[in-house]
Amino acid sequence: MVELSDEMLLDSYHRAIELHLEHDFIALLLAEIRKRNLHSPDHAVLH
């Protein structure tokens, strides 16, 4: 994850949500977003 730019990370997160990818993968992306103190998207809800 370190090699991803902030922009690429956020884009990947948005696309993962749109494509309904695995919850664990989305959670991993979200954890990295929070670790970097980036703004997490409001529309994303993990169940």
# chains A, B, ... in the order shown; residues from 1 in each chain; ligands from 1
$ select_by_dssp --residues "chain A" --states "helix (DSSP H, G or I)" --output "ChimeraX atom specification"
/A:6-18,23-35
$ write_last_selection --atoms "N, CA, C and O atoms" --output "CSV table (one decimal), in the first residue's frame"
chain,number,residue,atom,x,y,z
A,6,ASP,N,-1.8,8.9,-2.5
A,6,ASP,CA,-3.0,9.2,-1.8
A,6,ASP,C,-4.2,9.2,-2.8
A,6,ASP,O,-5.3,8.6,-2.6
A,7,GLU,N,-4.0,9.8,-4.0
A,7,GLU,CA,-5.0,9.9,-5.0
A,7,GLU,C,-5.4,8.5,-5.5
A,7,GLU,O,-6.6,8.2,-5.7
A,8,MET,N,-4.4,7.7,-5.8
A,8,MET,CA,-4.7,6.3,-6.3
A,8,MET,C,-5.4,5.5,-5.2
A,8,MET,O,-6.3,4.7,-5.5
A,9,LEU,N,-5.0,5.7,-4.0
A,9,LEU,CA,-5.6,4.9,-2.9
A,9,LEU,C,-7.1,5.3,-2.8
A,9,LEU,O,-8.0,4.4,-2.7
A,10,LEU,N,-7.4,6.6,-2.8
A,10,LEU,CA,-8.8,7.0,-2.7
A,10,LEU,C,-9.6,6.5,-4.0
A,10,LEU,O,-10.8,6.1,-3.8
A,11,ASP,N,-9.0,6.6,-5.1
A,11,ASP,CA,-9.6,6.1,-6.3
A,11,ASP,C,-9.9,4.6,-6.3
A,11,ASP,O,-11.0,4.2,-6.6
A,12,SER,N,-9.0,3.9,-5.8
A,12,SER,CA,-9.1,2.5,-5.6
A,12,SER,C,-10.3,2.1,-4.7
A,12,SER,O,-11.1,1.2,-4.9
A,13,TYR,N,-10.3,2.9,-3.6
A,13,TYR,CA,-11.4,2.7,-2.6
A,13,TYR,C,-12.8,3.0,-3.3
A,13,TYR,O,-13.7,2.2,-3.1
A,14,HIS,N,-12.9,4.1,-4.0
A,14,HIS,CA,-14.2,4.4,-4.7
A,14,HIS,C,-14.5,3.3,-5.7
A,14,HIS,O,-15.7,2.9,-5.7
A,15,ARG,N,-13.6,2.8,-6.4
A,15,ARG,CA,-13.9,1.8,-7.4
A,15,ARG,C,-14.2,0.5,-6.8
A,15,ARG,O,-15.1,-0.2,-7.3
A,16,ALA,N,-13.6,0.2,-5.7
A,16,ALA,CA,-13.9,-1.1,-5.0
A,16,ALA,C,-15.4,-1.1,-4.5
A,16,ALA,O,-16.1,-2.1,-4.5
A,17,ILE,N,-15.8,0.1,-4.0
A,17,ILE,CA,-17.2,0.3,-3.5
A,17,ILE,C,-18.1,0.1,-4.7
A,17,ILE,O,-19.1,-0.6,-4.7
A,18,GLU,N,-17.8,0.8,-5.8
A,18,GLU,CA,-18.7,0.8,-7.0
A,18,GLU,C,-18.8,-0.7,-7.6
A,18,GLU,O,-19.9,-1.1,-8.0
A,23,HIS,N,-15.6,-7.3,1.1
A,23,HIS,CA,-15.6,-6.5,2.2
A,23,HIS,C,-14.2,-6.3,2.8
A,23,HIS,O,-13.8,-5.2,3.2
A,24,ASP,N,-13.5,-7.4,2.9
A,24,ASP,CA,-12.1,-7.4,3.5
A,24,ASP,C,-11.2,-6.5,2.8
A,24,ASP,O,-10.4,-5.8,3.3
A,25,PHE,N,-11.3,-6.5,1.4
A,25,PHE,CA,-10.4,-5.7,0.6
A,25,PHE,C,-10.8,-4.2,0.8
A,25,PHE,O,-9.9,-3.4,1.0
A,26,ILE,N,-12.1,-3.9,0.8
A,26,ILE,CA,-12.5,-2.5,1.1
A,26,ILE,C,-12.1,-2.1,2.4
A,26,ILE,O,-11.6,-0.9,2.6
A,27,ALA,N,-12.2,-2.9,3.4
A,27,ALA,CA,-11.8,-2.6,4.8
A,27,ALA,C,-10.3,-2.3,4.8
A,27,ALA,O,-9.8,-1.4,5.6
A,28,LEU,N,-9.5,-3.0,4.1
A,28,LEU,CA,-8.0,-2.8,4.0
A,28,LEU,C,-7.7,-1.5,3.5
A,28,LEU,O,-6.9,-0.7,4.0
A,29,LEU,N,-8.4,-1.1,2.4
A,29,LEU,CA,-8.2,0.2,1.8
A,29,LEU,C,-8.6,1.3,2.7
A,29,LEU,O,-7.9,2.3,2.9
A,30,LEU,N,-9.8,1.1,3.4
A,30,LEU,CA,-10.3,2.1,4.3
A,30,LEU,C,-9.3,2.3,5.5
A,30,LEU,O,-9.0,3.4,6.0
A,31,ALA,N,-8.7,1.2,6.0
A,31,ALA,CA,-7.7,1.3,7.1
A,31,ALA,C,-6.5,2.1,6.7
A,31,ALA,O,-6.0,2.9,7.5
A,32,GLU,N,-6.1,1.9,5.4
A,32,GLU,CA,-4.9,2.7,4.9
A,32,GLU,C,-5.3,4.2,4.8
A,32,GLU,O,-4.5,5.1,5.1
A,33,ILE,N,-6.5,4.5,4.3
A,33,ILE,CA,-7.0,5.8,4.2
A,33,ILE,C,-7.0,6.5,5.6
A,33,ILE,O,-6.5,7.6,5.7
A,34,ARG,N,-7.5,5.8,6.6
A,34,ARG,CA,-7.5,6.4,7.9
A,34,ARG,C,-6.1,6.5,8.5
A,34,ARG,O,-5.8,7.5,9.2
A,35,LYS,N,-5.2,5.6,8.2
A,35,LYS,CA,-3.8,5.6,8.7
A,35,LYS,C,-3.1,6.9,8.1
A,35,LYS,O,-2.3,7.5,8.8
